[in-house]
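File shown here: model_38.tsv, holding TSV, C-alpha atoms.
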chain	number	residue	atom	x	y	z
A	1	MET	CA	74.24	109.05	96.56
A	2	THR	CA	71.06	111.03	97.17
A	3	GLU	CA	68.51	109.96	99.72
A	4	LYS	CA	66.04	109.05	96.97
A	5	ALA	CA	68.59	106.93	95.15
A	6	MET	CA	69.49	105.24	98.42
A	7	ASP	CA	65.85	104.38	99.12
A	8	GLN	CA	65.52	102.98	95.60
A	9	ARG	CA	68.62	100.87	96.12
A	10	VAL	CA	67.30	99.49	99.41
A	11	ALA	CA	63.96	98.67	97.76
A	12	ASP	CA	65.72	96.89	94.87
A	13	GLU	CA	67.92	95.06	97.32
A	14	ARG	CA	64.94	93.71	99.27
A	15	ARG	CA	63.14	92.65	96.12
A	16	LEU	CA	66.20	90.79	94.84
A	17	LEU	CA	66.82	89.22	98.22
A	18	ASP	CA	63.24	87.93	98.29
A	19	MET	CA	63.69	86.52	94.79
A	20	TRP	CA	66.90	84.79	95.82
A	21	LEU	CA	65.46	83.34	99.02
A	22	GLY	CA	62.40	82.27	97.07
A	23	GLY	CA	64.66	80.11	94.92
A	24	ASP	CA	65.07	82.39	91.90
A	25	PRO	CA	68.76	82.45	90.88
A	26	GLY	CA	68.16	85.72	89.03
A	27	GLY	CA	67.83	87.47	92.38
A	28	PHE	CA	71.32	86.52	93.42
A	29	SER	CA	72.83	87.28	90.01
A	30	GLU	CA	71.51	90.83	90.14
A	31	LEU	CA	72.60	91.36	93.72
A	32	TYR	CA	76.03	90.06	92.83
A	33	GLU	CA	76.31	92.37	89.82
A	34	MET	CA	75.24	95.30	91.98
A	35	TYR	CA	77.77	94.75	94.73
A	36	LYS	CA	80.71	92.70	93.47
A	37	GLY	CA	82.66	95.79	92.33
A	38	ARG	CA	82.33	97.49	95.69
A	39	ILE	CA	83.25	94.44	97.72
A	40	PHE	CA	86.08	93.39	95.44
A	41	GLY	CA	87.44	96.96	95.43
A	42	PHE	CA	87.46	96.89	99.20
A	43	LEU	CA	89.12	93.47	99.37
A	44	LEU	CA	91.72	94.38	96.78
A	45	ARG	CA	92.78	97.48	98.68
A	46	MET	CA	92.77	95.70	102.00
A	47	THR	CA	94.85	92.75	100.81
A	48	GLY	CA	96.86	94.34	97.99
A	49	ASP	CA	96.76	91.04	96.13
A	50	ARG	CA	94.30	90.24	93.35
A	51	TYR	CA	94.36	86.44	93.80
A	52	LEU	CA	93.95	86.63	97.53
A	53	ALA	CA	91.16	89.19	97.14
A	54	GLU	CA	89.39	86.85	94.72
A	55	ASP	CA	89.63	84.00	97.22
A	56	VAL	CA	88.23	86.18	99.97
A	57	LEU	CA	85.48	87.40	97.63
A	58	GLN	CA	84.38	83.81	97.07
A	59	GLU	CA	84.53	83.07	100.78
A	60	THR	CA	82.45	86.18	101.46
A	61	PHE	CA	79.66	85.20	99.11
A	62	PHE	CA	79.71	81.56	100.20
A	63	ALA	CA	79.45	82.69	103.82
A	64	ALA	CA	76.57	84.96	102.82
A	65	LEU	CA	74.91	81.96	101.16
A	66	ARG	CA	75.27	79.89	104.31
A	67	ASN	CA	73.99	82.63	106.63
A	68	VAL	CA	71.49	84.51	104.50
A	69	HIS	CA	68.58	83.14	106.55
A	70	GLN	CA	70.04	84.84	109.61
A	71	PHE	CA	70.25	88.22	107.88
A	72	ASP	CA	68.36	90.88	109.82
A	73	ARG	CA	66.04	92.48	107.24
A	74	SER	CA	66.06	95.80	109.09
A	75	ARG	CA	69.75	96.17	108.19
A	76	ASN	CA	71.35	97.15	104.91
A	77	PHE	CA	72.33	94.06	102.89
A	78	LEU	CA	75.47	95.71	101.49
A	79	SER	CA	76.65	96.67	105.00
A	80	TRP	CA	76.05	93.08	106.05
A	81	LEU	CA	78.13	91.80	103.12
A	82	PHE	CA	80.90	94.26	103.95
A	83	GLY	CA	80.80	93.03	107.54
A	84	ILE	CA	81.42	89.48	106.30
A	85	ALA	CA	84.16	90.61	103.90
A	86	HIS	CA	85.87	92.63	106.61
A	87	LYS	CA	85.79	89.68	109.03
A	88	ARG	CA	87.20	87.36	106.35
A	89	VAL	CA	90.12	89.70	105.70
A	90	ILE	CA	90.89	89.95	109.40
A	91	ASP	CA	90.60	86.17	109.80
A	92	HIS	CA	92.91	85.62	106.87
A	93	TYR	CA	95.64	87.78	108.35
A	94	ARG	CA	95.08	86.36	111.80
A	95	HIS	CA	95.66	82.88	110.44
A	96	ALA	CA	98.67	84.02	108.47
A	97	LYS	CA	100.03	85.55	111.70
A	98	VAL	CA	100.94	88.77	110.00
A	99	GLU	CA	97.95	90.74	111.19
A	100	ALA	CA	99.99	93.37	112.94
A	101	ASP	CA	101.68	94.69	109.86
A	102	HIS	CA	99.64	93.28	106.97
A	103	ILE	CA	98.34	96.53	105.63
A	104	GLY	CA	101.61	98.33	106.18
A	105	ASP	CA	103.31	95.71	104.04
A	106	THR	CA	101.01	96.38	101.15
A	107	GLY	CA	101.15	100.13	101.41
A	108	GLY	CA	103.75	100.85	98.78
A	109	SER	CA	102.81	98.10	96.38
A	110	VAL	CA	99.07	98.27	96.18
A	111	GLY	CA	99.00	100.20	92.93
A	112	SER	CA	101.33	97.83	91.14
A	113	LYS	CA	99.55	94.68	92.25
A	114	PHE	CA	96.00	95.36	91.23
A	115	ASP	CA	96.06	97.32	88.06
A	116	ALA	CA	92.72	96.63	86.48
A	117	PRO	CA	92.97	94.48	83.37
A	118	ASP	CA	90.29	96.57	81.67
A	119	GLU	CA	92.25	98.90	79.39
A	120	THR	CA	89.18	100.53	77.93
A	121	LEU	CA	88.41	102.62	81.00
A	122	SER	CA	88.27	106.26	80.06
A	123	ASN	CA	89.11	107.36	83.58
A	124	LYS	CA	91.98	104.93	83.98
A	125	ARG	CA	94.47	107.62	84.93
A	126	LEU	CA	92.15	109.08	87.54
A	127	ARG	CA	91.53	105.63	88.95
A	128	LYS	CA	95.25	105.03	89.16
A	129	LEU	CA	95.92	108.29	90.97
A	130	VAL	CA	93.04	107.88	93.40
A	131	ASN	CA	94.08	104.31	94.11
A	132	GLU	CA	97.64	105.41	94.76
A	133	ALA	CA	96.33	108.01	97.19
A	134	VAL	CA	94.20	105.39	98.95
A	135	GLY	CA	97.30	103.19	99.17
A	136	GLU	CA	99.12	105.96	101.01
A	137	LEU	CA	96.53	106.13	103.78
A	138	GLU	CA	97.39	104.75	107.18
A	139	PRO	CA	95.81	101.24	107.39
A	140	THR	CA	93.06	101.99	109.92
A	141	GLN	CA	92.16	105.18	108.06
A	142	ARG	CA	91.98	103.24	104.80
A	143	GLU	CA	89.77	100.63	106.42
A	144	VAL	CA	87.23	103.19	107.67
A	145	PHE	CA	87.41	105.17	104.45
A	146	LEU	CA	86.67	102.15	102.23
A	147	LEU	CA	83.96	100.74	104.48
A	148	ARG	CA	82.24	104.10	104.41
A	149	GLU	CA	82.78	105.14	100.78
A	150	LEU	CA	82.49	101.78	99.04
A	151	GLY	CA	80.23	99.94	101.44
A	152	GLY	CA	78.15	102.81	102.72
A	153	VAL	CA	78.51	101.18	106.14
A	154	PRO	CA	77.20	103.45	108.93
A	155	PHE	CA	79.84	104.71	111.37
A	156	LYS	CA	78.12	102.91	114.22
A	157	GLU	CA	78.62	99.58	112.45
A	158	ILE	CA	82.17	100.48	111.39
A	159	ALA	CA	82.99	101.11	115.06
A	160	GLU	CA	81.55	97.69	115.96
A	161	MET	CA	83.49	95.97	113.17
A	162	MET	CA	86.73	97.63	114.18
A	163	ASP	CA	86.01	97.21	117.87
A	164	CYS	CA	86.56	100.86	118.68
A	165	PRO	CA	84.45	103.80	119.93
A	166	ILE	CA	82.43	105.61	117.28
A	167	ASN	CA	84.42	108.81	117.87
A	168	THR	CA	87.61	106.93	116.99
A	169	ALA	CA	86.03	105.76	113.74
A	170	LEU	CA	84.91	109.30	112.97
A	171	GLY	CA	88.37	110.68	113.79
A	172	ARG	CA	90.00	108.15	111.44
A	173	MET	CA	87.56	109.03	108.68
A	174	HIS	CA	88.20	112.73	109.09
A	175	LEU	CA	91.95	112.17	108.90
A	176	ALA	CA	91.48	109.92	105.87
A	177	ILE	CA	89.54	112.65	104.06
A	178	LYS	CA	92.23	115.22	104.82
A	179	ASN	CA	95.06	112.88	103.81
A	180	MET	CA	93.30	111.89	100.60
A	181	ARG	CA	93.01	115.57	99.75
A	182	LYS	CA	96.71	116.04	100.42
A	183	GLU	CA	97.74	112.99	98.39
A	184	LEU	CA	95.54	113.92	95.44
A	185	LYS	CA	96.98	117.40	95.46
A	186	LYS	CA	100.50	115.93	95.40
A	187	ARG	CA	99.50	114.01	92.29
A	188	GLY	CA	98.28	117.10	90.53
A	189	ILE	CA	94.57	116.67	91.19
A	190	ASP	CA	93.85	120.13	92.43
A	191	GLY	CA	90.88	122.36	92.81
A	192	VAL	CA	89.32	120.08	95.38
A	193	ARG	CA	89.24	122.91	97.90
B	1	MET	CA	89.49	129.12	116.44
B	2	VAL	CA	88.70	126.41	113.91
B	3	CYS	CA	85.33	124.62	114.28
B	4	ASP	CA	85.77	120.86	114.39
B	5	LYS	CA	82.11	119.89	114.25
B	6	PHE	CA	82.44	118.54	110.73
B	7	GLY	CA	84.78	115.76	111.92
B	8	THR	CA	82.09	114.32	114.16
B	9	ILE	CA	78.55	115.64	113.70
B	10	GLY	CA	79.19	116.66	110.09
B	11	LEU	CA	80.27	113.17	109.05
B	12	LEU	CA	77.35	111.58	110.84
B	13	TYR	CA	75.06	114.07	109.12
B	14	ALA	CA	76.54	113.20	105.73
B	15	SER	CA	76.01	109.50	106.37
B	16	GLY	CA	72.43	110.04	107.53
B	17	GLU	CA	73.05	108.75	111.03
B	18	LEU	CA	71.75	111.73	112.98
B	19	SER	CA	68.29	111.85	114.48
B	20	GLU	CA	65.92	114.43	113.02
B	21	ALA	CA	66.52	116.81	115.93
B	22	GLU	CA	70.31	116.50	115.67
B	23	ALA	CA	70.20	116.97	111.91
B	24	ARG	CA	68.10	120.11	112.32
B	25	GLU	CA	70.59	121.44	114.84
B	26	TYR	CA	73.52	120.80	112.50
B	27	ARG	CA	71.70	122.41	109.57
B	28	ALA	CA	71.13	125.44	111.78
B	29	HIS	CA	74.85	125.46	112.57
B	30	LEU	CA	75.69	125.46	108.88
B	31	GLY	CA	73.03	128.06	108.26
B	32	SER	CA	74.52	130.29	110.93
B	33	GLY	CA	77.50	130.63	108.62
B	34	CYS	CA	80.24	128.50	110.22
B	35	PRO	CA	82.92	128.92	107.52
B	36	ASP	CA	84.95	125.86	108.54
B	37	CYS	CA	82.05	123.44	108.50
B	38	ALA	CA	80.63	124.89	105.30
B	39	ARG	CA	83.98	124.60	103.51
B	40	GLU	CA	84.65	121.07	104.75
B	41	ALA	CA	81.15	119.89	103.92
B	42	GLU	CA	81.29	121.31	100.41
B	43	ALA	CA	84.76	119.90	99.72
B	44	TYR	CA	83.75	116.45	100.95
B	45	ARG	CA	80.58	116.49	98.87
B	46	THR	CA	82.58	117.43	95.73
B	47	GLU	CA	85.27	114.82	96.37
B	48	ARG	CA	82.74	112.08	96.95
B	49	ALA	CA	80.98	112.87	93.70
B	50	ALA	CA	84.21	113.10	91.70
B	51	PHE	CA	86.55	110.49	93.19
B	52	TYR	CA	84.95	108.24	95.76
B	53	THR	CA	82.58	106.50	93.42
B	54	VAL	CA	82.23	102.83	92.53
B	55	ASP	CA	83.61	103.64	89.07
B	56	ILE	CA	86.84	104.87	90.62
B	57	LEU	CA	87.22	102.74	93.73
B	58	GLY	CA	85.42	99.62	92.60
B	59	GLU	CA	87.14	96.68	90.90
B	60	ASP	CA	85.89	93.68	88.98
B	61	PRO	CA	87.04	90.16	89.77
B	62	SER	CA	88.10	87.86	86.94
B	63	PRO	CA	85.32	86.20	84.90
B	64	THR	CA	86.35	82.79	86.25
B	65	VAL	CA	85.68	83.91	89.81
B	66	ASP	CA	82.41	85.51	88.75
B	67	ALA	CA	81.32	82.27	87.11
B	68	GLU	CA	82.25	80.15	90.12
B	69	ILE	CA	80.42	82.37	92.59
B	70	LEU	CA	77.35	82.56	90.40
B	71	ARG	CA	77.40	78.81	89.84
B	72	VAL	CA	77.42	78.04	93.55
B	73	CYS	CA	75.32	80.86	94.97
B	74	ALA	CA	72.75	81.35	92.27
B	75	ASN	CA	71.75	77.70	92.27
B	76	PRO	CA	68.65	77.37	94.44
B	77	LYS	CA	69.45	73.69	94.95
B	78	ALA	CA	72.79	74.61	96.47
B	79	LEU	CA	70.99	76.96	98.81
B	80	THR	CA	68.41	74.33	99.75
B	81	ARG	CA	71.04	71.66	100.18
B	82	THR	CA	73.14	73.82	102.40
B	83	THR	CA	70.26	74.71	104.72
B	84	ALA	CA	68.30	71.45	104.59
B	85	PHE	CA	71.27	69.33	105.50
B	86	MET	CA	72.45	71.39	108.42
B	87	PRO	CA	71.72	68.51	110.89
B	88	MET	CA	73.93	66.22	108.79
B	89	VAL	CA	76.70	68.80	108.88
B	90	PHE	CA	76.35	68.89	112.66
B	91	ILE	CA	76.34	65.11	112.96
B	92	LYS	CA	79.35	64.75	110.69
B	93	LYS	CA	81.17	67.38	112.66
B	94	TYR	CA	80.49	66.05	116.13
B	95	ALA	CA	79.85	62.31	115.66
B	96	ALA	CA	83.50	61.50	116.27
B	97	ALA	CA	83.38	62.79	119.85
B	98	PRO	CA	81.10	60.12	121.44
B	99	ILE	CA	82.84	57.36	119.45
B	100	PHE	CA	86.17	58.54	120.78
B	101	VAL	CA	84.83	58.63	124.36
B	102	MET	CA	83.42	55.11	123.96
B	103	LEU	CA	86.75	53.80	122.68
B	104	ILE	CA	88.56	55.36	125.63
B	105	ALA	CA	86.02	53.84	128.05
B	106	VAL	CA	86.44	50.37	126.49
B	107	ALA	CA	90.24	50.67	126.68
B	108	ILE	CA	90.05	51.63	130.37
B	109	GLY	CA	87.64	48.73	131.03
B	110	VAL	CA	89.95	46.20	129.39
B	111	TYR	CA	92.93	47.52	131.33
B	112	VAL	CA	91.11	47.41	134.69
B	113	ARG	CA	89.72	43.94	134.03
B	114	HIS	CA	93.12	42.57	133.11
B	115	HIS	CA	94.76	43.98	136.22
B	116	SER	CA	91.96	42.92	138.57
B	117	MET	CA	92.30	39.33	137.30
B	118	ASN	CA	96.02	39.38	137.96
B	119	ALA	CA	95.39	40.80	141.41
B	120	ALA	CA	92.86	38.05	142.20
B	121	ASP	CA	95.31	35.34	141.10
B	122	LEU	CA	98.06	36.88	143.13
B	123	ARG	CA	95.84	37.13	146.20
B	124	ALA	CA	94.86	33.48	145.91
B	125	GLU	CA	98.47	32.52	145.44
B	126	LEU	CA	99.60	34.50	148.47
B	127	THR	CA	96.88	32.94	150.60
B	128	ASN	CA	98.05	29.43	149.69
B	129	GLY	CA	101.67	30.29	150.25
B	130	THR	CA	101.02	31.75	153.71
B	131	ALA	CA	99.08	28.68	154.81
B	132	ALA	CA	101.83	26.38	153.64
B	133	GLU	CA	104.45	28.41	155.46
B	134	ALA	CA	102.36	28.24	158.61
B	135	VAL	CA	102.21	24.43	158.40
B	136	THR	CA	105.97	24.24	157.93
B	137	VAL	CA	106.74	26.47	160.86
B	138	ALA	CA	104.28	24.59	163.05
B	139	ALA	CA	105.87	21.28	162.11
B	140	GLU	CA	109.32	22.54	163.05
B	141	HIS	CA	108.05	23.49	166.48
B	142	GLY	CA	106.19	20.23	167.03
B	143	VAL	CA	102.72	21.74	166.91
B	144	SER	CA	100.24	19.52	165.13
B	145	ASP	CA	96.88	21.28	165.32
B	146	VAL	CA	97.55	23.86	162.64
B	147	ASP	CA	95.09	24.10	159.75
B	148	SER	CA	96.62	22.82	156.60
B	149	PRO	CA	95.62	23.63	153.05
B	150	LYS	CA	95.77	19.91	152.29
B	151	PRO	CA	95.45	16.97	154.62
B	152	ALA	CA	99.00	16.05	155.54
B	153	THR	CA	100.02	12.41	155.61
B	154	ALA	CA	101.99	10.90	158.48
B	155	ASP	CA	104.94	10.40	156.17
B	156	SER	CA	105.10	13.91	155.06
B	157	ALA	CA	104.68	15.24	158.61
B	158	ALA	CA	107.45	13.04	159.88
B	159	SER	CA	109.74	13.71	157.01
B	160	ASP	CA	112.55	16.25	157.07
B	161	ASP	CA	111.10	18.22	154.14
B	162	LYS	CA	111.53	21.96	154.00
B	163	THR	CA	108.66	24.01	152.57
B	164	ILE	CA	109.24	27.32	150.87
B	165	PRO	CA	106.76	29.64	149.16
B	166	ARG	CA	106.89	29.39	145.45
B	167	THR	CA	107.97	32.28	143.33
B	168	ARG	CA	105.19	34.78	142.82
B	169	GLY	CA	103.74	35.17	139.40
B	170	ASN	CA	104.18	31.61	138.26
B	171	LEU	CA	100.48	30.92	138.04
B	172	ASN	CA	100.71	27.42	136.60
B	173	ILE	CA	102.49	25.91	139.61
B	174	PRO	CA	100.56	24.97	142.72
B	175	GLY	CA	101.04	27.21	145.71
B	176	VAL	CA	103.72	25.23	147.53
B	177	HIS	CA	107.08	23.82	146.49
B	178	THR	CA	108.42	20.99	148.45
B	179	VAL	CA	112.12	20.49	148.30
B	180	SER	CA	113.46	17.16	149.50
B	181	GLY	CA	116.35	17.19	151.95
B	182	GLU	CA	119.49	15.10	151.56
Reformat the file's structure so that it appears as structure tokens.
Amino acid sequence: MTEKAMDQRVADERRLLDMWLGGDPGGFSELYEMYKGRIFGFLLRMTGDRYLAEDVLQETFFAALRNVHQFDRSRNFLSWLFGIAHKRVIDHYRHAKVEADHIGDTGGSVGSKFDAPDETLSNKRLRKLVNEAVGELEPTQREVFLLRELGGVPFKEIAEMMDCPINTALGRMHLAIKNMRKELKKRGIDGVR
Amino acid sequence: MVCDKFGTIGLLYASGELSEAEAREYRAHLGSGCPDCAREAEAYRTERAAFYTVDILGEDPSPTVDAEILRVCANPKALTRTTAFMPMVFIKKYAAAPIFVMLIAVAIGVYVRHHSMNAADLRAELTNGTAAEAVTVAAEHGVSDVDSPKPATADSAASDDKTIPRTRGNLNIPGVHTVSGE
């Protein structure tokens, strides 16, 4: 996304947020349409289960509803939503007491569990291959990769979310990029480099 | 030697997290012709544009979930209700605590009161029993000027009665049992 497009998005986001907080339901509907795909894509890849991801998606937006008045307007709204979604996923696995190996468990099965129902996608095959490659990433690399690429979350905030130094987050992202390249190449998507 | 600046500064530059001075420095580094950074930066830019887009990585939830979220969140009344009634949420959440403490305090009060009454009865009972014993012992030794709990008659003093303390705890019986001799 170019800098200009990013600025436009932030401006739209603030306008819609004001509408929503002012009591206009249209503001929320538009914000939801703008971001649901990103957040649900993140949740789906983190959980590997469509039904669970849908539950966490609802929890994320309901939590946003409850806490929207505490949202710091100097921050990016999407990053804030991703912060909530990330925390919900972690909480879910903490409660299920399988946190240690949750993402590892889903590694091999991610592709089979969340095939999109929309058959009309022209880039369905590419989506499938890229999603398989994402599924092959080591869990912490996948986490950083998705927060950055889908959420546009700054590395500083990713480091805070993952409770690690910023250099660790950057290192994981760099490895994720390299591994994605390798996995895509394995699947016949070449010419990247 | 391979330059590894892309893995740190390069990624921060791509995400727009560098200060103006740092960004200028990195641009100068790229401009100086670092082949590793230039290659990495170009590859990442291409990959992002081709594969790491919302179209590829994003997913849509089912329409039912969409409808439910929109129903709850897009309703301004729901928003108002949730924020306006925060004190009620707090009260509902924490009201049980003082009630529980009060119940515990009442239970302790009842227990202490019950036991202090028993203790008072027992003390009174023991006092009576001790006085009666003292009268008995004094009578056996021919001493007459011992305080008695009740005025003793000449008959009873002269009699051969034996006095024993009554069994403790039987609160309905006066403090002294008198058992007649043969």
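Of the residues under consideration (A:Pro165, A:Gly41, A:Gly27, A:Gly152), A:Gly41 shows the shortest atom-to-atom contact distance to chain B when counting only C-alpha atoms.
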I need the chain A residues near chain B as a CSV table (one decimal) with C-alpha atoms, in the coordinates of the input; criterion: at most 6 Å, counting all atoms listed in the file.
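Saved result, selection29.csv, follows:
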chain,number,residue,atom,x,y,z
A,23,GLY,CA,64.7,80.1,94.9
A,25,PRO,CA,68.8,82.4,90.9
A,28,PHE,CA,71.3,86.5,93.4
A,37,GLY,CA,82.7,95.8,92.3
A,38,ARG,CA,82.3,97.5,95.7
A,40,PHE,CA,86.1,93.4,95.4
A,41,GLY,CA,87.4,97.0,95.4
A,127,ARG,CA,91.5,105.6,89.0
A,170,LEU,CA,84.9,109.3,113.0
A,174,HIS,CA,88.2,112.7,109.1
A,193,ARG,CA,89.2,122.9,97.9
In terms of the shortest atom-to-atom distance over all atoms listed in the file, which of A:Gly22, A:Pro139, A:Gly188, A:Gly83 is closest to Glu160 (chain A)? A:Gly83
So that I can check the surroundings of region 27-38 of chain B, please list as a list of chain:residue names every protein, DNA and RNA residue that reaches within 7 Å of it, counting only C-alpha atoms and ignoring chain neighbours fewer than 5 positions away.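 Result of the neighbour search: B:Val2, B:Cys3, B:Lys5, B:Phe6.
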Tell me, as an NGL selection string, which residues lie within 12 Å of region 88-93 of chain A, counting all atoms listed in the file; anything in the same chain fewer than 5 positions away does not count. :A and (39-40 or 42-49 or 52-64 or 81-83 or 98-103 or 105 or 143 or 161-162)
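What separates CA of Thr168 (chain A) from CA of Arg50 (chain A) is a distance of 29.7 Å.
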